[in-house]
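The next block is run_15.tsv, given as TSV, C-alpha atoms and all ligand atoms.
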chain	number	residue	atom	x	y	z
A	25	MET	CA	101.83	74.74	163.04
A	26	LYS	CA	100.74	78.31	163.45
A	27	ARG	CA	104.06	79.85	162.72
A	28	PRO	CA	104.65	78.42	159.19
A	29	GLU	CA	101.04	79.27	158.16
A	30	THR	CA	101.54	82.90	159.08
A	31	ARG	CA	104.79	82.94	157.25
A	32	LEU	CA	103.18	81.43	154.11
A	33	LEU	CA	100.45	84.04	154.17
A	34	SER	CA	102.87	86.86	154.60
A	35	LEU	CA	104.97	85.64	151.64
A	36	LYS	CA	101.87	85.48	149.44
A	37	THR	CA	100.79	88.92	150.56
A	38	LEU	CA	104.27	90.21	149.88
A	39	ALA	CA	104.17	88.75	146.34
A	40	VAL	CA	100.84	90.41	145.57
A	41	ILE	CA	102.02	93.73	146.93
A	42	SER	CA	105.19	93.43	144.84
A	43	ILE	CA	103.22	92.83	141.63
A	44	ILE	CA	100.99	95.83	142.34
A	45	ALA	CA	104.03	97.93	143.10
A	46	ILE	CA	105.85	96.87	139.90
A	47	ASN	CA	102.76	97.60	137.79
A	48	ALA	CA	102.33	100.96	139.41
A	49	ALA	CA	105.96	101.84	138.94
A	50	PHE	CA	105.96	100.69	135.30
A	51	GLY	CA	102.74	102.56	134.57
A	52	ALA	CA	104.11	105.67	136.20
A	53	ALA	CA	107.32	105.37	134.18
A	54	VAL	CA	105.32	105.23	130.94
A	55	LEU	CA	103.19	108.20	131.90
A	56	SER	CA	105.77	110.45	133.48
A	57	GLN	CA	108.68	111.10	131.13
A	58	THR	CA	111.42	113.28	132.43
A	59	LYS	CA	111.49	116.84	131.24
A	60	GLU	CA	114.40	115.97	128.91
A	61	GLU	CA	112.43	113.14	127.29
A	62	ARG	CA	109.47	115.32	126.38
A	63	ALA	CA	109.22	117.44	123.25
A	64	PRO	CA	110.49	120.95	123.89
A	65	PHE	CA	107.69	123.40	124.55
A	66	PRO	CA	107.35	125.79	122.94
A	67	PRO	CA	109.10	124.09	120.00
A	68	PRO	CA	112.37	125.71	118.88
A	69	LYS	CA	111.97	128.33	116.18
A	70	MET	CA	113.06	126.84	112.87
A	71	GLU	CA	111.99	128.39	109.63
A	72	PRO	CA	112.02	125.70	106.91
A	73	SER	CA	113.93	126.94	103.87
A	74	ILE	CA	112.06	127.28	100.62
A	75	VAL	CA	112.66	124.58	98.02
A	76	THR	CA	111.09	124.80	94.60
A	77	PRO	CA	109.98	121.31	93.61
A	78	GLY	CA	110.73	119.99	90.15
A	79	ARG	CA	108.01	120.26	87.52
A	80	THR	CA	107.30	116.59	88.06
A	81	ASP	CA	108.01	114.47	91.14
A	82	SER	CA	110.98	112.94	89.35
A	83	ALA	CA	112.54	116.25	88.25
A	84	SER	CA	115.25	117.63	90.53
A	85	PRO	CA	114.10	120.17	93.13
A	86	SER	CA	115.99	123.45	93.52
A	87	ASP	CA	118.30	122.27	96.32
A	88	ALA	CA	119.39	119.00	94.68
A	89	ILE	CA	122.82	118.23	93.25
A	90	VAL	CA	122.33	116.83	89.76
A	91	LEU	CA	124.67	113.88	89.34
A	92	PHE	CA	123.65	113.03	85.79
A	93	ASP	CA	121.50	115.11	83.49
A	94	GLY	CA	121.83	112.94	80.40
A	95	LYS	CA	124.73	114.87	78.88
A	96	ASP	CA	128.07	113.79	80.37
A	97	LEU	CA	129.85	111.83	83.09
A	98	SER	CA	131.74	114.80	84.54
A	99	LYS	CA	130.39	114.04	88.05
A	100	TRP	CA	131.62	110.43	87.84
A	101	ARG	CA	134.91	108.54	87.93
A	102	SER	CA	135.95	104.95	87.58
A	103	ALA	CA	135.44	103.15	90.90
A	104	ARG	CA	138.58	101.12	90.27
A	105	GLU	CA	141.65	101.76	92.32
A	106	GLY	CA	143.43	104.76	90.89
A	107	GLY	CA	140.15	106.24	89.69
A	108	GLY	CA	140.36	107.75	86.22
A	109	GLU	CA	137.54	108.61	83.88
A	110	ALA	CA	134.24	106.77	83.99
A	111	LYS	CA	134.10	104.80	80.75
A	112	TRP	CA	130.42	104.06	80.42
A	113	GLN	CA	128.64	105.23	77.28
A	114	VAL	CA	126.54	108.37	77.19
A	115	ARG	CA	123.75	108.25	74.65
A	116	GLU	CA	120.60	110.29	74.11
A	117	GLY	CA	119.78	111.32	77.64
A	118	TYR	CA	121.09	108.24	79.40
A	119	MET	CA	124.28	106.43	80.31
A	120	GLN	CA	124.82	102.76	79.69
A	121	VAL	CA	127.11	100.26	81.37
A	122	GLN	CA	130.13	99.52	79.22
A	123	PRO	CA	130.78	95.94	80.34
A	124	GLY	CA	134.31	95.29	81.51
A	125	THR	CA	135.11	98.91	82.30
A	126	GLY	CA	134.08	98.46	85.92
A	127	ASP	CA	131.86	100.22	88.39
A	128	ILE	CA	131.60	103.99	88.40
A	129	ALA	CA	131.35	106.30	91.41
A	130	THR	CA	130.51	109.92	92.07
A	131	ARG	CA	133.45	112.29	92.43
A	132	GLU	CA	131.66	113.98	95.31
A	133	GLU	CA	131.02	112.08	98.53
A	134	PHE	CA	127.82	111.91	100.54
A	135	GLY	CA	126.53	110.72	103.89
A	136	ASP	CA	122.86	111.01	104.85
A	137	CYS	CA	120.93	111.74	101.68
A	138	GLN	CA	117.88	111.48	99.48
A	139	LEU	CA	118.75	109.96	96.11
A	140	HIS	CA	116.65	109.78	92.96
A	141	ILE	CA	117.82	107.50	90.17
A	142	GLU	CA	116.17	106.03	87.09
A	143	TRP	CA	117.22	102.83	85.37
A	144	ALA	CA	116.18	100.42	82.67
A	145	THR	CA	117.18	96.81	82.12
A	146	PRO	CA	117.81	95.66	78.52
A	147	ALA	CA	114.67	95.40	76.36
A	148	GLU	CA	116.10	92.27	74.87
A	149	VAL	CA	115.80	89.66	77.60
A	150	LYS	CA	118.85	87.46	78.07
A	151	GLY	CA	119.81	85.14	80.91
A	152	GLU	CA	117.90	84.41	84.06
A	153	GLY	CA	118.05	84.93	87.81
A	154	GLN	CA	120.99	87.11	88.80
A	155	GLY	CA	122.17	86.98	85.18
A	156	ARG	CA	119.33	89.11	83.82
A	157	GLY	CA	119.74	92.88	83.89
A	158	ASN	CA	121.98	92.97	86.97
A	159	SER	CA	123.51	96.17	88.31
A	160	GLY	CA	123.23	97.98	91.62
A	161	VAL	CA	123.13	101.31	93.40
A	162	PHE	CA	125.63	101.34	96.24
A	163	LEU	CA	125.28	103.95	98.96
A	164	MET	CA	128.68	104.93	100.35
A	165	GLU	CA	130.19	102.44	97.87
A	166	ARG	CA	129.15	99.64	100.24
A	167	TYR	CA	125.43	99.24	100.77
A	168	GLU	CA	123.70	97.92	97.66
A	169	VAL	CA	120.14	98.39	96.54
A	170	GLN	CA	119.91	95.67	93.93
A	171	VAL	CA	119.09	96.55	90.33
A	172	LEU	CA	117.81	93.56	88.40
A	173	ASP	CA	115.23	92.63	85.80
A	174	SER	CA	112.76	91.14	88.28
A	175	TYR	CA	109.86	91.07	85.85
A	176	ASN	CA	108.92	87.39	85.53
A	177	ASN	CA	112.40	86.45	86.67
A	178	LYS	CA	112.78	84.33	89.78
A	179	THR	CA	115.86	84.60	91.93
A	180	TYR	CA	116.57	84.40	95.65
A	181	TYR	CA	114.21	86.74	97.45
A	182	HIS	CA	116.85	89.06	98.91
A	183	GLY	CA	118.59	89.34	95.55
A	184	GLN	CA	115.74	90.71	93.45
A	185	ALA	CA	115.22	94.30	92.35
A	186	GLY	CA	114.87	96.60	95.32
A	187	ALA	CA	116.46	94.21	97.79
A	188	VAL	CA	119.07	95.50	100.17
A	189	TYR	CA	121.33	92.87	98.75
A	190	LYS	CA	121.36	89.64	100.79
A	191	GLN	CA	119.77	91.44	103.74
A	192	TYR	CA	116.23	92.52	102.97
A	193	ALA	CA	113.85	91.47	100.20
A	194	PRO	CA	111.64	94.30	98.95
A	195	ILE	CA	108.22	94.42	100.64
A	196	VAL	CA	106.63	93.97	97.20
A	197	ASN	CA	107.92	93.46	93.68
A	198	ALA	CA	107.01	96.73	91.91
A	199	SER	CA	109.05	96.00	88.77
A	200	ARG	CA	108.24	97.28	85.33
A	201	GLY	CA	109.10	95.23	82.27
A	202	PRO	CA	112.42	94.93	80.46
A	203	GLY	CA	113.45	98.13	78.66
A	204	GLU	CA	111.00	100.31	80.61
A	205	TRP	CA	112.28	103.17	82.72
A	206	GLN	CA	111.98	102.60	86.46
A	207	SER	CA	112.92	104.70	89.47
A	208	TYR	CA	114.33	104.39	92.94
A	209	ASP	CA	113.91	107.07	95.56
A	210	ILE	CA	116.23	106.22	98.41
A	211	ILE	CA	116.40	107.87	101.82
A	212	PHE	CA	119.64	106.86	103.45
A	213	LYS	CA	121.06	107.41	106.90
A	214	ALA	CA	124.76	106.66	107.15
A	215	PRO	CA	126.12	104.43	109.91
A	216	ARG	CA	127.95	106.02	112.81
A	217	PHE	CA	131.17	104.64	114.26
A	218	ASP	CA	133.00	105.41	117.47
A	219	GLU	CA	136.71	106.27	117.63
A	220	GLN	CA	137.65	102.59	117.85
A	221	GLY	CA	135.74	101.88	114.65
A	222	LYS	CA	132.88	100.08	116.37
A	223	VAL	CA	129.47	100.71	114.83
A	224	ILE	CA	127.33	102.66	117.27
A	225	GLU	CA	124.44	103.34	114.91
A	226	ARG	CA	123.68	101.13	111.93
A	227	ALA	CA	122.82	102.60	108.54
A	228	ARG	CA	119.13	102.86	107.65
A	229	MET	CA	117.35	102.88	104.35
A	230	THR	CA	113.92	103.60	102.96
A	231	VAL	CA	113.31	102.87	99.28
A	232	LEU	CA	110.46	103.59	96.88
A	233	HIS	CA	110.48	101.64	93.62
A	234	ASN	CA	108.40	103.31	90.93
A	235	GLY	CA	106.72	105.28	93.74
A	236	VAL	CA	105.89	102.16	95.77
A	237	LEU	CA	107.39	101.71	99.26
A	238	ILE	CA	109.58	98.61	99.18
A	239	GLN	CA	112.01	99.17	102.10
A	240	ASN	CA	110.69	100.85	105.22
A	241	ASN	CA	113.52	102.30	107.28
A	242	VAL	CA	115.40	99.00	107.44
A	243	GLU	CA	118.51	98.69	109.57
A	244	ILE	CA	121.48	97.61	107.49
A	245	TYR	CA	123.81	94.96	108.93
A	246	GLY	CA	126.96	96.07	107.12
A	247	ASN	CA	128.60	95.68	103.72
A	248	THR	CA	126.35	93.86	101.27
A	249	TRP	CA	128.67	91.13	100.08
A	250	HIS	CA	127.38	88.24	97.98
A	251	ASP	CA	129.58	85.53	99.45
A	252	GLU	CA	129.93	86.52	103.10
A	253	PRO	CA	127.60	87.63	105.89
A	254	ALA	CA	127.28	91.39	106.25
A	255	LEU	CA	129.84	93.16	108.38
A	256	TYR	CA	130.62	96.77	109.13
A	257	ILE	CA	134.07	98.05	108.37
A	258	ALA	CA	134.45	101.54	109.76
A	259	HIS	CA	134.60	104.38	107.28
A	260	GLY	CA	134.27	108.13	107.17
A	261	PRO	CA	131.04	110.10	107.34
A	262	LYS	CA	130.91	110.50	103.54
A	263	ALA	CA	131.63	108.29	100.54
A	264	SER	CA	130.68	108.03	96.88
A	265	ILE	CA	127.51	106.69	95.31
A	266	LYS	CA	128.57	103.73	93.16
A	267	LEU	CA	126.86	102.06	90.19
A	268	GLN	CA	127.71	98.49	89.36
A	269	ASP	CA	129.07	97.02	86.14
A	270	HIS	CA	127.76	93.47	86.39
A	271	GLY	CA	128.25	92.86	82.67
A	272	ASP	CA	124.68	93.71	81.62
A	273	LEU	CA	123.65	96.68	79.46
A	274	LEU	CA	121.88	98.66	82.16
A	275	ARG	CA	120.86	102.23	81.48
A	276	TYR	CA	120.68	105.08	83.98
A	277	ARG	CA	119.30	108.60	83.72
A	278	ASN	CA	118.04	111.55	85.79
A	279	ILE	CA	120.18	111.08	88.89
A	280	TRP	CA	120.04	113.69	91.63
A	281	ILE	CA	120.78	113.82	95.31
A	282	ARG	CA	119.88	115.97	98.31
A	283	PRO	CA	122.45	115.71	101.11
A	284	LEU	CA	120.59	115.70	104.42
A	301	MG	MG	123.83	93.90	91.66

Now that the file is in, can you turn its structure into structure tokens?
Ligand code: MG
Amino acid sequence: MKRPETRLLSLKTLAVISIIAINAAFGAAVLSQTKEERAPFPPPKMEPSIVTPGRTDSASPSDAIVLFDGKDLSKWRSAREGGGEAKWQVREGYMQVQPGTGDIATREEFGDCQLHIEWATPAEVKGEGQGRGNSGVFLMERYEVQVLDSYNNKTYYHGQAGAVYKQYAPIVNASRGPGEWQSYDIIFKAPRFDEQGKVIERARMTVLHNGVLIQNNVEIYGNTWHDEPALYIAHGPKASIKLQDHGDLLRYRNIWIRPL
């Protein structure tokens, strides 16, 4: 009788000691980061370069590449295979989708970036759901921030304006009305792939719609297709910004980008 009792006690004692030890070890791990894990001290010398901001928060700062200044489409090409000229219309200070001519894409390619773009859906409201004022801003020609007239226009939640299409609904619906100018400010981090084409770091996106945060550093799951689940297909570190011809008379203006 005596022997099993002693054994039971010792097992219980052992368990308690183990829990204390695990807690202590865990606590110690949290408190004592290795030297490599801690911020360098003193911090490395890095003099931030001087950037002159635009006269307004929507005007391009001095280090931005202006992709469209309201005058011509020289920075754009057709996104169709074979490229060619972008065939959208340029009017007073804006470009407008020319339905049937296809998507357009920047001639220059970008990876990590900050993008400012302004858009307006048609003042004359036609259609509903995805059929009302549909277009899109595609980062790297693959990852779409939806453009849609989402003012009093119900559609699936991850398909409305400001959604990372079919992946993330916007946090809020900050839409202005049809025909009004709206803006997106997008901070994008490109995905990273290893040599075998496996994604080792997913893309990330932060989006402000009319100055309101609607996507907060979300992790993108891959290409934003409408009829298939997202999937990464390996690509280079840079690709074009693409704007979608979805058949609606969307307008765009004041587009600039800061490669990061
Ligand atoms: Mg779209």

request  = Excluding stretch 84-92 of chain A and any residue of its chain fewer than 4 positions from it, enumerate the residues within 6 Å of it, using all atoms listed in the file, and give them as a ChimeraX atom specification.
outcome  = /A:75-78,99,278-282

inquiry  = Any residue with an atom at most 7 Å from ligand MG 301 (chain A) counts, using all atoms listed in the file. Which are they? Put them as a PyMOL selection string.
reply    = chain A and resi 158-160+170-172+268+270

task = To one decimal in Å, tell me the separation between atom CA of A:Val196 and atom CA of A:Tyr245.
result =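 It comes out at 20.8 Å.
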
message = Residues near A:Ile257, anyone? I mean within 12 Å using only C-alpha atoms, not counting same-chain ones fewer than 3 positions away, as an MDAnalysis selection string.
response = chainID A and resid 164 166:167 215:218 220:223 226 245:248 254 260

Residues from last step as file, C-alpha atoms, as a CSV table (one decimal), in the coordinates of the input:
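The resulting file, out11.csv, is reproduced below:
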chain,number,residue,atom,x,y,z
A,164,MET,CA,128.7,104.9,100.4
A,166,ARG,CA,129.2,99.6,100.2
A,167,TYR,CA,125.4,99.2,100.8
A,215,PRO,CA,126.1,104.4,109.9
A,216,ARG,CA,128.0,106.0,112.8
A,217,PHE,CA,131.2,104.6,114.3
A,218,ASP,CA,133.0,105.4,117.5
A,220,GLN,CA,137.6,102.6,117.8
A,221,GLY,CA,135.7,101.9,114.6
A,222,LYS,CA,132.9,100.1,116.4
A,223,VAL,CA,129.5,100.7,114.8
A,226,ARG,CA,123.7,101.1,111.9
A,245,TYR,CA,123.8,95.0,108.9
A,246,GLY,CA,127.0,96.1,107.1
A,247,ASN,CA,128.6,95.7,103.7
A,248,THR,CA,126.4,93.9,101.3
A,254,ALA,CA,127.3,91.4,106.2
A,260,GLY,CA,134.3,108.1,107.2

inquiry  = If we count all atoms listed in the file and set the cut-off at 12 Å, which residues sit around A:Ala103, ignoring sequence neighbours fewer than 3 positions away in its own chain? Please answer as a PyMOL selection string.
reply    = chain A and resi 100+106-112+125-131+162+164-166+263-269

inquiry  = Every residue with an atom at most 9 Å from (105.2, 96.1, 93.5) (file coordinates; all atoms listed in the file) is what I'm after, so could you write them as a list of chain:residue names?
reply    =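 Those within range, by chain then number, are A:Pro194, A:Ile195, A:Val196, A:Asn197, A:Ala198, A:Ser199, A:Arg200, A:His233, A:Asn234, A:Val236, A:Leu237, A:Ile238.
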
request  = Quote the spacing between atom CA of A:Ser207 and atom CA of A:Ile141 in Å to one decimal place.
outcome  =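 Rounded to one decimal, the two atoms are 5.7 Å apart.
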
task = Can you work out which one of A:Arg62, A:Arg228, A:His140, A:His182 has the shortest atom-to-atom distance to A:Asp93, counting all atoms listed in the file?
result =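 Result for the nearest residue to A:Asp93: A:His140.
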
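Within the 12 Å cut-off around A:Asn240, using all atoms listed in the file and omitting residues fewer than 4 positions from it on the same chain, the listed residues are A:Gly186, A:Ala187, A:Val188, A:Tyr192, A:Ala193, A:Pro194, A:Ile195, A:Val196, A:Asp209, A:Ile210, A:Ile211, A:Phe212, A:Arg228, A:Met229, A:Thr230, A:Val231, A:Leu232, A:His233, A:Val236, A:Ile244.
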
Output of the above residues as a PDB file, in the coordinates of the input, restricted to C-alpha atoms:
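And here's out.pdb as it stands now:
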ATOM      1  CA  GLY A 186     114.870  96.600  95.320  1.00  0.00           C
ATOM      2  CA  ALA A 187     116.460  94.210  97.790  1.00  0.00           C
ATOM      3  CA  VAL A 188     119.070  95.500 100.170  1.00  0.00           C
ATOM      4  CA  TYR A 192     116.230  92.520 102.970  1.00  0.00           C
ATOM      5  CA  ALA A 193     113.850  91.470 100.200  1.00  0.00           C
ATOM      6  CA  PRO A 194     111.640  94.300  98.950  1.00  0.00           C
ATOM      7  CA  ILE A 195     108.220  94.420 100.640  1.00  0.00           C
ATOM      8  CA  VAL A 196     106.630  93.970  97.200  1.00  0.00           C
ATOM      9  CA  ASP A 209     113.910 107.070  95.560  1.00  0.00           C
ATOM     10  CA  ILE A 210     116.230 106.220  98.410  1.00  0.00           C
ATOM     11  CA  ILE A 211     116.400 107.870 101.820  1.00  0.00           C
ATOM     12  CA  PHE A 212     119.640 106.860 103.450  1.00  0.00           C
ATOM     13  CA  ARG A 228     119.130 102.860 107.650  1.00  0.00           C
ATOM     14  CA  MET A 229     117.350 102.880 104.350  1.00  0.00           C
ATOM     15  CA  THR A 230     113.920 103.600 102.960  1.00  0.00           C
ATOM     16  CA  VAL A 231     113.310 102.870  99.280  1.00  0.00           C
ATOM     17  CA  LEU A 232     110.460 103.590  96.880  1.00  0.00           C
ATOM     18  CA  HIS A 233     110.480 101.640  93.620  1.00  0.00           C
ATOM     19  CA  VAL A 236     105.890 102.160  95.770  1.00  0.00           C
ATOM     20  CA  ILE A 244     121.480  97.610 107.490  1.00  0.00           C
TER      21      ILE A 244
END

key: Counting all atoms listed in the file, the option among A:Leu255, A:Leu97, A:Leu274, A:Ala227 closest to A:Trp205   =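 Closest residue, counting all atoms listed in the file: A:Leu274.
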
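Here atom CA of A:Glu133 stands at a distance of 17.6 Å from atom CA of A:Val169.
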
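Considering the residues A:Phe65, A:Tyr208, A:Trp143, A:Trp249 and counting only C-alpha atoms, A:Tyr189 has its shortest atom-to-atom contact with A:Trp249.
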
message = Could you check the closest approach to A:Glu142 for each of A:Gln120, A:Gln154, A:Ser98, A:Asn176 and tell me which residue wins, using only C-alpha atoms?
response = A:Gln120

request  = Can you work out which one of A:Gly153, A:Thr145, A:Pro253, A:Lys59 has the shortest atom-to-atom distance to A:Lys190, counting only C-alpha atoms?
outcome  = A:Pro253

Where atoms are absent from stretch 132-143 of chain A, fill them in so it carries all heavy atoms, then output it as a PDB file, in the coordinates of the input.
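The file below, selection27.pdb, is the result:
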ATOM      1  N   GLU A 132     131.997 113.397  94.011  1.00  0.00           N
ATOM      2  CA  GLU A 132     131.660 113.980  95.310  1.00  0.00           C
ATOM      3  C   GLU A 132     131.205 112.862  96.257  1.00  0.00           C
ATOM      4  O   GLU A 132     130.687 111.841  95.819  1.00  0.00           O
ATOM      5  CB  GLU A 132     130.526 115.005  95.122  1.00  0.00           C
ATOM      6  CG  GLU A 132     130.350 115.932  96.294  1.00  0.00           C
ATOM      7  CD  GLU A 132     129.388 117.093  95.988  1.00  0.00           C
ATOM      8  OE1 GLU A 132     129.141 117.401  94.810  1.00  0.00           O
ATOM      9  OE2 GLU A 132     128.878 117.665  96.969  1.00  0.00           O
ATOM     10  N   GLU A 133     131.412 113.097  97.549  1.00  0.00           N
ATOM     11  CA  GLU A 133     131.020 112.080  98.530  1.00  0.00           C
ATOM     12  C   GLU A 133     129.841 112.560  99.357  1.00  0.00           C
ATOM     13  O   GLU A 133     129.656 113.767  99.563  1.00  0.00           O
ATOM     14  CB  GLU A 133     132.226 111.763  99.438  1.00  0.00           C
ATOM     15  CG  GLU A 133     133.410 111.234  98.644  1.00  0.00           C
ATOM     16  CD  GLU A 133     134.519 110.695  99.532  1.00  0.00           C
ATOM     17  OE1 GLU A 133     134.694 111.202 100.658  1.00  0.00           O
ATOM     18  OE2 GLU A 133     135.194 109.743  99.101  1.00  0.00           O
ATOM     19  N   PHE A 134     129.056 111.597  99.821  1.00  0.00           N
ATOM     20  CA  PHE A 134     127.820 111.910 100.540  1.00  0.00           C
ATOM     21  C   PHE A 134     127.639 111.003 101.744  1.00  0.00           C
ATOM     22  O   PHE A 134     128.112 109.876 101.759  1.00  0.00           O
ATOM     23  CB  PHE A 134     126.620 111.747  99.601  1.00  0.00           C
ATOM     24  CG  PHE A 134     126.740 112.519  98.318  1.00  0.00           C
ATOM     25  CD1 PHE A 134     127.205 111.915  97.161  1.00  0.00           C
ATOM     26  CD2 PHE A 134     126.421 113.871  98.279  1.00  0.00           C
ATOM     27  CE1 PHE A 134     127.340 112.637  95.975  1.00  0.00           C
ATOM     28  CE2 PHE A 134     126.549 114.602  97.099  1.00  0.00           C
ATOM     29  CZ  PHE A 134     127.016 113.975  95.946  1.00  0.00           C
ATOM     30  N   GLY A 135     126.920 111.523 102.728  1.00  0.00           N
ATOM     31  CA  GLY A 135     126.530 110.720 103.890  1.00  0.00           C
ATOM     32  C   GLY A 135     125.017 110.548 103.852  1.00  0.00           C
ATOM     33  O   GLY A 135     124.474 109.970 102.906  1.00  0.00           O
ATOM     34  N   ASP A 136     124.329 111.086 104.857  1.00  0.00           N
ATOM     35  CA  ASP A 136     122.860 111.010 104.850  1.00  0.00           C
ATOM     36  C   ASP A 136     122.344 111.724 103.602  1.00  0.00           C
ATOM     37  O   ASP A 136     122.821 112.815 103.261  1.00  0.00           O
ATOM     38  CB  ASP A 136     122.297 111.748 106.079  1.00  0.00           C
ATOM     39  CG  ASP A 136     122.753 111.139 107.403  1.00  0.00           C
ATOM     40  OD1 ASP A 136     123.407 110.078 107.383  1.00  0.00           O
ATOM     41  OD2 ASP A 136     122.445 111.736 108.454  1.00  0.00           O
ATOM     42  N   CYS A 137     121.394 111.123 102.938  1.00  0.00           N
ATOM     43  CA  CYS A 137     120.930 111.740 101.680  1.00  0.00           C
ATOM     44  C   CYS A 137     119.589 111.203 101.226  1.00  0.00           C
ATOM     45  O   CYS A 137     119.087 110.197 101.726  1.00  0.00           O
ATOM     46  CB  CYS A 137     121.960 111.479 100.572  1.00  0.00           C
ATOM     47  SG  CYS A 137     122.122 109.735 100.148  1.00  0.00           S
ATOM     48  N   GLN A 138     119.039 111.943 100.257  1.00  0.00           N
ATOM     49  CA  GLN A 138     117.880 111.480  99.480  1.00  0.00           C
ATOM     50  C   GLN A 138     118.365 111.382  98.048  1.00  0.00           C
ATOM     51  O   GLN A 138     118.859 112.359  97.483  1.00  0.00           O
ATOM     52  CB  GLN A 138     116.739 112.501  99.584  1.00  0.00           C
ATOM     53  CG  GLN A 138     115.565 112.170  98.665  1.00  0.00           C
ATOM     54  CD  GLN A 138     114.519 113.286  98.625  1.00  0.00           C
ATOM     55  OE1 GLN A 138     114.538 114.213  99.439  1.00  0.00           O
ATOM     56  NE2 GLN A 138     113.612 113.200  97.674  1.00  0.00           N
ATOM     57  N   LEU A 139     118.228 110.205  97.463  1.00  0.00           N
ATOM     58  CA  LEU A 139     118.750 109.960  96.110  1.00  0.00           C
ATOM     59  C   LEU A 139     117.620 109.547  95.169  1.00  0.00           C
ATOM     60  O   LEU A 139     116.818 108.675  95.501  1.00  0.00           O
ATOM     61  CB  LEU A 139     119.797 108.847  96.167  1.00  0.00           C
ATOM     62  CG  LEU A 139     120.379 108.363  94.839  1.00  0.00           C
ATOM     63  CD1 LEU A 139     121.288 109.423  94.210  1.00  0.00           C
ATOM     64  CD2 LEU A 139     121.173 107.066  95.040  1.00  0.00           C
ATOM     65  N   HIS A 140     117.582 110.202  94.008  1.00  0.00           N
ATOM     66  CA  HIS A 140     116.650 109.780  92.960  1.00  0.00           C
ATOM     67  C   HIS A 140     117.466 109.247  91.785  1.00  0.00           C
ATOM     68  O   HIS A 140     118.433 109.877  91.360  1.00  0.00           O
ATOM     69  CB  HIS A 140     115.778 110.952  92.490  1.00  0.00           C
ATOM     70  CG  HIS A 140     114.875 110.581  91.344  1.00  0.00           C
ATOM     71  ND1 HIS A 140     113.622 110.016  91.523  1.00  0.00           N
ATOM     72  CD2 HIS A 140     115.058 110.658  90.001  1.00  0.00           C
ATOM     73  CE1 HIS A 140     113.077 109.776  90.342  1.00  0.00           C
ATOM     74  NE2 HIS A 140     113.911 110.159  89.399  1.00  0.00           N
ATOM     75  N   ILE A 141     117.087 108.091  91.286  1.00  0.00           N
ATOM     76  CA  ILE A 141     117.820 107.500  90.170  1.00  0.00           C
ATOM     77  C   ILE A 141     116.857 106.683  89.308  1.00  0.00           C
ATOM     78  O   ILE A 141     115.965 106.019  89.836  1.00  0.00           O
ATOM     79  CB  ILE A 141     119.016 106.652  90.692  1.00  0.00           C
ATOM     80  CG1 ILE A 141     119.881 106.144  89.550  1.00  0.00           C
ATOM     81  CG2 ILE A 141     118.572 105.522  91.606  1.00  0.00           C
ATOM     82  CD1 ILE A 141     121.272 105.689  89.995  1.00  0.00           C
ATOM     83  N   GLU A 142     117.030 106.794  87.997  1.00  0.00           N
ATOM     84  CA  GLU A 142     116.170 106.030  87.090  1.00  0.00           C
ATOM     85  C   GLU A 142     117.021 105.048  86.306  1.00  0.00           C
ATOM     86  O   GLU A 142     118.164 105.353  85.964  1.00  0.00           O
ATOM     87  CB  GLU A 142     115.426 107.004  86.158  1.00  0.00           C
ATOM     88  CG  GLU A 142     114.497 107.914  86.964  1.00  0.00           C
ATOM     89  CD  GLU A 142     113.805 108.993  86.124  1.00  0.00           C
ATOM     90  OE1 GLU A 142     113.682 108.832  84.895  1.00  0.00           O
ATOM     91  OE2 GLU A 142     113.398 110.001  86.731  1.00  0.00           O
ATOM     92  N   TRP A 143     116.454 103.892  86.038  1.00  0.00           N
ATOM     93  CA  TRP A 143     117.220 102.830  85.370  1.00  0.00           C
ATOM     94  C   TRP A 143     116.305 101.983  84.499  1.00  0.00           C
ATOM     95  O   TRP A 143     115.083 101.935  84.704  1.00  0.00           O
ATOM     96  CB  TRP A 143     117.942 101.966  86.409  1.00  0.00           C
ATOM     97  CG  TRP A 143     117.078 101.421  87.522  1.00  0.00           C
ATOM     98  CD1 TRP A 143     116.758 102.058  88.691  1.00  0.00           C
ATOM     99  CD2 TRP A 143     116.410 100.148  87.573  1.00  0.00           C
ATOM    100  NE1 TRP A 143     115.949 101.251  89.464  1.00  0.00           N
ATOM    101  CE2 TRP A 143     115.727 100.077  88.802  1.00  0.00           C
ATOM    102  CE3 TRP A 143     116.338  99.055  86.698  1.00  0.00           C
ATOM    103  CZ2 TRP A 143     114.955  98.957  89.181  1.00  0.00           C
ATOM    104  CZ3 TRP A 143     115.586  97.940  87.077  1.00  0.00           C
ATOM    105  CH2 TRP A 143     114.910  97.905  88.311  1.00  0.00           C
TER     106      TRP A 143
END
